[in-house]
$ cat protein-v1.txt   # compact mmCIF, C-alpha atoms and all ligand atoms
# COMPACT_ATOMS: atom_id res chain seq x y z
CA MET S 365 102.35 111.90 112.36
CA LYS S 366 98.59 112.11 111.82
CA ASN S 367 97.04 108.85 110.64
CA PRO S 368 94.68 109.73 107.76
CA PHE S 369 93.26 106.18 107.58
CA TYR S 370 91.96 105.93 111.16
CA GLN S 371 88.31 104.76 111.04
CA LYS S 372 88.12 105.65 107.31
CA ASP S 373 86.31 103.78 104.52
CA ILE S 374 88.36 102.74 101.47
CA ILE S 375 85.91 102.84 98.60
CA SER S 376 87.64 104.57 95.67
CA CYS S 377 91.19 105.59 94.78
CA ASN S 378 89.73 109.05 94.09
CA GLU S 379 89.61 109.58 97.87
CA LEU S 380 93.35 108.99 98.41
CA THR S 381 96.16 111.55 98.41
CA LYS S 382 99.86 111.03 97.72
CA GLU S 383 100.54 111.89 101.36
CA ASP S 384 98.08 109.20 102.57
CA ILE S 385 99.68 106.63 100.29
CA ALA S 386 103.20 107.54 101.48
CA ILE S 387 102.10 106.79 105.07
CA LEU S 388 100.51 103.50 104.00
CA PHE S 389 103.62 102.42 102.05
CA GLU S 390 105.95 103.33 104.92
CA THR S 391 103.82 101.21 107.26
CA ALA S 392 103.69 98.34 104.73
CA SER S 393 107.49 98.42 104.25
CA ASP S 394 108.00 98.29 108.01
CA ILE S 395 105.55 95.37 108.34
CA ARG S 396 107.20 93.53 105.42
CA LYS S 397 110.58 93.84 107.13
CA ARG S 398 109.20 92.59 110.44
CA VAL S 399 107.36 89.64 108.87
CA THR S 400 110.35 88.58 106.76
CA GLU S 401 112.55 88.77 109.88
CA GLY S 402 110.11 86.34 111.54
CA LYS S 403 108.90 88.86 114.12
CA SER S 404 105.32 88.58 115.32
CA ILE S 405 102.98 91.57 115.35
CA ASP S 406 99.80 91.41 117.40
CA THR S 407 98.66 95.00 117.31
CA LEU S 408 95.08 94.06 116.35
CA ALA S 409 94.50 91.46 119.09
CA GLY S 410 90.84 91.67 120.12
CA LYS S 411 89.71 93.25 116.81
CA ILE S 412 87.43 91.45 114.37
CA LEU S 413 87.25 91.74 110.57
CA SER S 414 84.11 90.71 108.67
CA LEU S 415 84.74 89.49 105.12
CA LEU S 416 81.55 89.62 103.02
CA PHE S 417 82.38 88.07 99.65
CA PHE S 418 79.41 87.91 97.29
CA GLU S 419 81.79 86.99 94.41
CA PRO S 420 84.62 84.41 94.23
CA SER S 421 88.14 85.36 95.27
CA SER S 422 91.42 83.59 95.94
CA ARG S 423 93.93 86.37 96.58
CA THR S 424 91.94 89.27 98.02
CA PHE S 425 89.97 87.15 100.47
CA SER S 426 92.94 85.05 101.61
CA SER S 427 95.35 87.96 101.90
CA PHE S 428 92.89 89.88 104.12
CA VAL S 429 92.46 86.73 106.25
CA SER S 430 96.23 86.27 106.46
CA ALA S 431 96.74 89.98 107.17
CA MET S 432 94.22 90.09 110.03
CA GLN S 433 95.44 86.87 111.59
CA ARG S 434 99.12 87.87 111.36
CA LEU S 435 98.13 91.04 113.27
CA GLY S 436 96.52 88.98 116.02
CA GLY S 437 92.92 89.78 115.09
CA GLY S 438 89.96 87.53 114.36
CA ILE S 439 87.76 87.12 111.29
CA ILE S 440 84.14 86.44 110.32
CA PRO S 441 84.62 84.87 106.88
CA ILE S 442 81.52 84.85 104.64
CA THR S 443 82.30 83.36 101.23
CA ASP S 444 79.01 81.64 100.58
CA VAL S 445 76.09 84.01 100.99
CA SER S 446 73.69 81.10 100.47
CA HIS S 447 74.48 80.35 104.11
CA THR S 448 73.35 83.80 105.28
CA SER S 449 69.86 85.17 105.92
CA LEU S 450 69.98 86.96 102.56
CA VAL S 451 68.42 83.79 101.13
CA LYS S 452 65.48 84.23 103.53
CA GLY S 453 64.91 87.69 102.08
CA GLU S 454 66.99 89.87 104.38
CA THR S 455 68.15 93.02 102.60
CA PHE S 456 71.74 93.90 101.70
CA GLU S 457 71.50 96.89 104.06
CA ASP S 458 70.30 94.81 107.03
CA THR S 459 73.04 92.26 106.36
CA VAL S 460 75.76 94.94 106.37
CA THR S 461 74.27 96.57 109.50
CA THR S 462 74.34 93.21 111.27
CA PHE S 463 78.03 92.59 110.53
CA SER S 464 78.86 96.18 111.48
CA ARG S 465 77.55 95.44 115.01
CA LEU S 466 79.68 92.29 115.29
CA SER S 467 83.06 93.47 114.04
CA ASP S 468 85.44 96.43 113.73
CA THR S 469 85.89 96.62 109.93
CA ILE S 470 84.08 95.14 106.93
CA VAL S 471 85.75 94.05 103.68
CA ILE S 472 83.17 93.60 100.93
CA ARG S 473 83.23 92.19 97.39
CA HIS S 474 79.99 92.34 95.40
CA PRO S 475 79.04 92.12 91.71
CA ARG S 476 77.18 95.47 91.74
CA GLU S 477 79.06 98.71 91.07
CA GLY S 478 78.41 101.10 93.95
CA SER S 479 77.72 98.31 96.46
CA ALA S 480 80.71 99.13 98.70
CA LYS S 481 79.60 102.77 98.88
CA ASP S 482 76.07 101.65 99.74
CA ALA S 483 77.47 99.38 102.46
CA SER S 484 79.47 102.27 103.94
CA ALA S 485 76.30 104.38 104.10
CA VAL S 486 74.65 101.93 106.52
CA SER S 487 77.75 100.74 108.37
CA ASP S 488 78.99 102.50 111.49
CA ILE S 489 82.41 100.82 111.12
CA PRO S 490 84.89 101.29 108.24
CA VAL S 491 84.17 99.51 104.94
CA ILE S 492 86.91 98.44 102.50
CA ASN S 493 85.93 97.89 98.87
CA ALA S 494 87.40 94.55 97.69
CA GLY S 495 85.79 94.91 94.25
CA ASP S 496 82.37 96.30 93.30
CA GLY S 497 81.41 94.87 89.92
CA ALA S 498 83.31 96.62 87.15
CA GLY S 499 83.78 99.61 89.45
CA GLU S 500 86.98 99.64 91.52
CA HIS S 501 89.39 97.48 93.50
CA PRO S 502 91.43 100.05 95.45
CA THR S 503 93.57 97.71 97.58
CA GLN S 504 94.73 95.93 94.40
CA ALA S 505 95.86 99.26 92.90
CA LEU S 506 97.66 100.16 96.13
CA LEU S 507 99.60 96.90 96.13
CA ASP S 508 100.34 97.40 92.42
CA VAL S 509 101.84 100.86 92.95
CA PHE S 510 103.73 99.60 96.02
CA THR S 511 105.24 96.89 93.76
CA ILE S 512 106.06 99.38 90.99
CA LEU S 513 107.86 101.64 93.49
CA ASP S 514 110.10 98.72 94.52
CA HIS S 515 111.45 98.83 90.95
CA PHE S 516 111.16 102.47 89.87
CA LYS S 517 111.71 105.18 92.45
CA ASP S 518 110.36 107.97 90.24
CA MET S 519 106.74 107.41 89.18
CA SER S 520 106.66 110.66 87.20
CA SER S 521 108.99 109.36 84.47
CA LEU S 522 107.14 106.06 83.95
CA ARG S 523 105.55 104.84 80.73
CA VAL S 524 102.82 102.37 81.70
CA THR S 525 100.90 100.06 79.37
CA LEU S 526 97.52 98.69 80.53
CA ALA S 527 96.32 95.80 78.37
CA GLY S 528 93.37 93.43 78.04
CA ASP S 529 89.85 94.07 79.31
CA LEU S 530 89.98 97.75 80.20
CA LEU S 531 86.19 98.15 80.11
CA TYR S 532 85.19 95.67 82.82
CA GLY S 533 88.53 95.30 84.66
CA ARG S 534 88.03 97.02 88.02
CA THR S 535 91.72 96.69 88.92
CA VAL S 536 92.74 98.94 86.02
CA HIS S 537 89.95 101.40 86.86
CA SER S 538 91.56 101.87 90.27
CA LEU S 539 95.14 101.71 88.98
CA ILE S 540 94.66 104.39 86.30
CA ARG S 541 93.37 106.74 89.01
CA LEU S 542 96.56 106.23 91.03
CA LEU S 543 98.74 106.60 87.90
CA GLY S 544 97.01 109.95 87.43
CA LEU S 545 97.56 110.91 91.07
CA PHE S 546 101.29 110.12 90.75
CA HIS S 547 101.36 111.88 87.38
CA VAL S 548 103.19 109.22 85.37
CA SER S 549 104.73 110.31 82.10
CA GLU S 550 102.59 108.29 79.70
CA ILE S 551 99.77 105.71 79.69
CA ARG S 552 99.20 103.36 76.76
CA LEU S 553 95.90 101.48 76.58
CA VAL S 554 95.85 98.24 74.59
CA SER S 555 92.46 96.53 74.21
CA PRO S 556 89.93 95.32 71.67
CA THR S 557 87.62 98.17 70.58
CA GLU S 558 84.74 96.58 72.52
CA LEU S 559 86.75 96.56 75.77
CA GLN S 560 88.26 100.04 75.83
CA MET S 561 88.82 102.03 79.02
CA PRO S 562 85.66 104.05 79.91
CA GLU S 563 85.83 107.47 78.25
CA ASP S 564 85.36 109.40 81.52
CA LEU S 565 88.50 107.79 82.98
CA VAL S 566 90.52 108.54 79.82
CA SER S 567 89.47 112.18 79.82
CA THR S 568 90.19 112.54 83.56
CA ILE S 569 93.79 111.45 82.86
CA GLN S 570 94.08 113.70 79.80
CA GLN S 571 92.92 116.67 81.88
CA LEU S 572 95.97 116.05 84.09
CA SER S 573 98.15 116.62 80.96
CA ILE S 574 99.29 113.00 80.95
CA SER S 575 99.77 111.56 77.47
CA VAL S 576 97.25 108.76 76.81
CA SER S 577 97.15 106.64 73.65
CA GLN S 578 94.85 103.76 72.65
CA THR S 579 96.03 101.01 70.31
CA GLN S 580 95.69 97.33 69.42
CA ASP S 581 99.37 96.96 68.56
CA LEU S 582 100.71 95.37 71.75
CA ALA S 583 104.25 94.73 70.46
CA ASP S 584 104.65 98.37 69.46
CA ALA S 585 103.13 99.70 72.72
CA ILE S 586 105.48 97.70 74.93
CA SER S 587 108.69 98.27 72.97
CA ASP S 588 109.73 101.12 75.28
CA THR S 589 107.33 100.74 78.21
CA ASP S 590 108.45 100.45 81.84
CA VAL S 591 105.41 98.60 83.17
CA LEU S 592 103.16 96.21 81.25
CA TYR S 593 99.98 95.49 83.24
CA MET S 594 97.94 92.64 81.73
CA THR S 595 94.34 91.84 82.65
CA ARG S 596 92.03 88.94 81.85
CA VAL S 597 88.83 89.35 79.86
CA GLN S 598 86.15 89.42 82.58
CA LYS S 599 83.89 86.55 81.50
CA GLU S 600 81.43 87.14 84.35
CA ARG S 601 80.54 90.65 83.10
CA PHE S 602 79.46 89.51 79.61
CA THR S 603 75.74 89.10 78.91
CA ASP S 604 76.55 87.47 75.54
CA PRO S 605 78.74 84.33 75.95
CA LEU S 606 79.71 84.51 72.28
CA GLY S 607 81.14 87.98 72.86
CA TYR S 608 83.44 86.55 75.52
CA GLU S 609 84.51 83.63 73.29
CA ARG S 610 85.37 86.06 70.49
CA LEU S 611 87.41 88.40 72.68
CA LYS S 612 88.98 86.16 75.35
CA ASP S 613 92.27 85.58 73.55
CA SER S 614 92.66 89.04 72.01
CA PHE S 615 96.05 89.59 73.65
CA VAL S 616 98.29 86.81 74.92
CA ILE S 617 101.77 87.33 76.36
CA THR S 618 104.13 84.57 75.22
CA PRO S 619 107.94 84.23 75.44
CA GLU S 620 107.93 85.72 71.92
CA THR S 621 105.99 88.81 73.13
CA MET S 622 108.45 89.20 76.01
CA LYS S 623 111.23 89.78 73.45
CA HIS S 624 109.57 93.14 72.70
CA LEU S 625 109.51 94.19 76.39
CA PRO S 626 112.63 96.12 77.53
CA LYS S 627 115.03 94.23 79.80
CA ASN S 628 114.42 96.45 82.83
CA ALA S 629 110.62 96.62 82.40
CA ILE S 630 108.22 94.65 84.61
CA LEU S 631 105.18 92.53 83.74
CA MET S 632 102.26 92.67 86.18
CA HIS S 633 98.84 91.01 86.41
CA PRO S 634 96.28 91.20 89.25
CA LEU S 635 95.44 87.50 88.67
CA PRO S 636 93.64 85.22 88.14
CA ARG S 637 95.39 84.62 84.81
CA ILE S 638 93.38 82.55 82.32
CA HIS S 639 95.00 82.46 78.85
CA GLU S 640 96.49 85.94 78.59
CA ILE S 641 99.96 85.10 79.93
CA ALA S 642 101.56 81.82 78.86
CA LYS S 643 102.86 79.70 81.72
CA GLU S 644 106.41 79.79 80.29
CA VAL S 645 106.49 83.53 81.02
CA ASP S 646 106.14 82.96 84.79
CA SER S 647 109.86 82.22 85.20
CA ASP S 648 110.93 85.40 83.37
CA SER S 649 112.68 87.67 85.89
CA ARG S 650 110.42 90.55 84.78
CA SER S 651 107.21 88.72 85.81
CA MET S 652 105.97 90.11 89.12
CA TYR S 653 102.48 88.63 89.55
CA PHE S 654 103.30 85.54 91.61
CA ARG S 655 106.68 86.63 92.98
CA GLU S 656 105.90 90.12 94.28
CA GLN S 657 102.30 91.24 93.82
CA ILE S 658 100.78 88.44 95.92
CA PRO S 659 103.00 88.90 99.01
CA ASN S 660 102.82 92.68 98.67
CA GLY S 661 99.02 92.39 98.72
CA MET S 662 99.22 90.90 102.18
CA TYR S 663 101.64 93.57 103.47
CA ILE S 664 99.51 96.42 102.07
CA ARG S 665 96.38 94.91 103.66
CA MET S 666 98.18 94.44 106.99
CA ALA S 667 99.23 98.10 106.86
CA LEU S 668 95.75 99.28 105.91
CA LEU S 669 94.01 97.31 108.67
CA SER S 670 96.58 98.54 111.22
CA LEU S 671 96.09 102.16 110.23
CA ILE S 672 92.27 101.93 110.05
CA LEU S 673 91.98 100.28 113.44
CA LYS S 674 94.75 101.92 115.52
CA LYS S 675 95.31 105.66 115.94
N1 LIG M 701 93.41 90.19 92.16
C1 LIG M 701 92.27 89.69 92.69
O1 LIG M 701 91.33 90.42 93.02
O2 LIG M 701 92.23 88.33 92.78
P1 LIG M 701 91.03 87.49 93.41
O3 LIG M 701 89.83 87.68 92.52
O4 LIG M 701 91.51 86.08 93.45
O5 LIG M 701 90.75 88.06 94.77
$ encode --input "protein-v1.txt" --output "structure tokens"
Amino acid sequence: MKNPFYQKDIISCNELTKEDIAILFETASDIRKRVTEGKSIDTLAGKILSLLFFEPSSRTFSSFVSAMQRLGGGIIPITDVSHTSLVKGETFEDTVTTFSRLSDTIVIRHPREGSAKDASAVSDIPVINAGDGAGEHPTQALLDVFTILDHFKDMSSLRVTLAGDLLYGRTVHSLIRLLGLFHVSEIRLVSPTELQMPEDLVSTIQQLSISVSQTQDLADAISDTDVLYMTRVQKERFTDPLGYERLKDSFVITPETMKHLPKNAILMHPLPRIHEIAKEVDSDSRSMYFREQIPNGMYIRMALLSLILKK
């Protein structure tokens, strides 16, 4: 079996094929089984991962750290760039070049859209995009689809509802690309008018002959959906704080909302959750964000690092 990920950058979901993703998911399933059986895996002993996080993170950063260390590799963890030579005036490009000479793969999160692609242009080792502004977050979308496939074997019959901040939410920008690749049956977009999915992404999906609708009626949209994917309003992308205050609670999932969601549907969220899902919903058996998405994120990242670094 040819490994399509070997020494490859992961910048956008546009660059992935269904065949690539099948290989990744098979590897992740195998790793998940081995980890849950308590078996150790040290296939990346001697390899080093640089984590360059120019924006805060709890899950993505920690799951890459956990993934690399569970595989026997080492890490260079940079979470506070004020402790790097960037503050002395070193350029972004020189910083990336430096870490590319010290490690075997770079994971980067940065507030500027396009930054991961720029990093890959100067790096001679693979670069993984862990979020570039409002651009993309491909490893999040991969773990999301991996989670969905644990519940629904046939992606092509799925009705998926994406809700919340669809303008600035990079996780949904990556996820909608994968939903298009897997040719789901229908996508419903629920957001305030000011936070709608970028038009180019909507038309890309429509060109695939997938039904796409936009609404503000959450209860109606979810009444026969299979997957409800909530997102938070991305406070850090607003230039006008009043705009955030006005929109932050546009859609909130409560136990009452959950009555509209079918019994066999699932509720997902990339996290962090602020106000958009009430705490009482966490114990609902359909809520996947803490129970499944977080551990699956680690398994997907273990699989990705293994495939990128070993032939
Ligand atoms: N889902 C996600 O990207 O979470 P963090 O911002 O905590 O990494």
$ closest_residue --input "protein-v1.txt" --among "S:Arg541, S:Lys643, S:Arg596, S:Lys397" --to "ligand LIG 701 (chain M)" --atoms "all atoms listed in the file"
S:Arg596
$ residues_near_ligand --input "protein-v1.txt" --ligand "ligand LIG 701 (chain M)" --cutoff "9 Å" --atoms "all atoms listed in the file" --output "ChimeraX atom specification"
/S:419-427,473,494-495,501,503-504,534-535,633-636,658,661
$ atom_distance --input "protein-v1.txt" --atom1 "atom CA of Asn378 of chain S" --atom2 "atom CA of Arg665 of chain S"
18.3 Å
$ residues_around --input "protein-v1.txt" --residues "Thr462 of chain S" --least-positions-apart "5" --cutoff "12 Å" --atoms "all atoms listed in the file" --output "MDAnalysis selection string"
chainID S and resid 414 416 440 448:450 454:457 467:468 470 483 486:489
$ atom_distance --input "protein-v1.txt" --atom1 "atom CA of Val554 of chain S" --atom2 "atom CA of Leu526 of chain S"
6.2 Å
$ closest_residue --input "protein-v1.txt" --among "S:Pro619, S:Gly438, S:Gly533, S:Gly453" --to "Gln598 of chain S" --atoms "all atoms listed in the file"
S:Gly533
$ closest_residue --input "protein-v1.txt" --among "S:Asp482, S:Leu545, S:Leu673, S:Asp564" --to "Asp458 of chain S" --atoms "all atoms listed in the file"
S:Asp482
$ closest_atom_pairs --input "protein-v1.txt" --of "segment 449-546 of chain S" --to "segment 654-657 of chain S" --cutoff "8 Å" --atoms "all atoms listed in the file" --output "JSON lines"
{"residue": "S:Leu507", "atom": "CA", "partner": "S:Gln657", "partner_atom": "CA", "distance": 6.7}
{"residue": "S:Asp508", "atom": "CA", "partner": "S:Gln657", "partner_atom": "CA", "distance": 6.6}
{"residue": "S:Thr511", "atom": "CA", "partner": "S:Gln657", "partner_atom": "CA", "distance": 6.4}
$ closest_residue --input "protein-v1.txt" --among "S:Asp496, S:Asp384, S:Glu609, S:Asp373" --to "Phe417 of chain S" --atoms "all atoms listed in the file"
S:Asp496
$ atom_distance --input "protein-v1.txt" --atom1 "atom CA of Asp613 of chain S" --atom2 "atom CA of Leu565 of chain S"
24.4 Å
$ closest_residue --input "protein-v1.txt" --among "S:Ser573, S:Leu413, S:Asp444, S:Thr391" --to "Val429 of chain S" --atoms "all atoms listed in the file"
S:Leu413
$ closest_residue --input "protein-v1.txt" --among "S:Ala409, S:Leu559, S:Cys377, S:Ile641" --to "Ile492 of chain S" --atoms "all atoms listed in the file"
S:Cys377
$ residues_around --input "protein-v1.txt" --residues "Tyr663 of chain S" --least-positions-apart "4" --cutoff "8 Å" --atoms "all atoms listed in the file" --output "PyMOL selection string"
chain S and resi 392-393+395-396+431+659+667
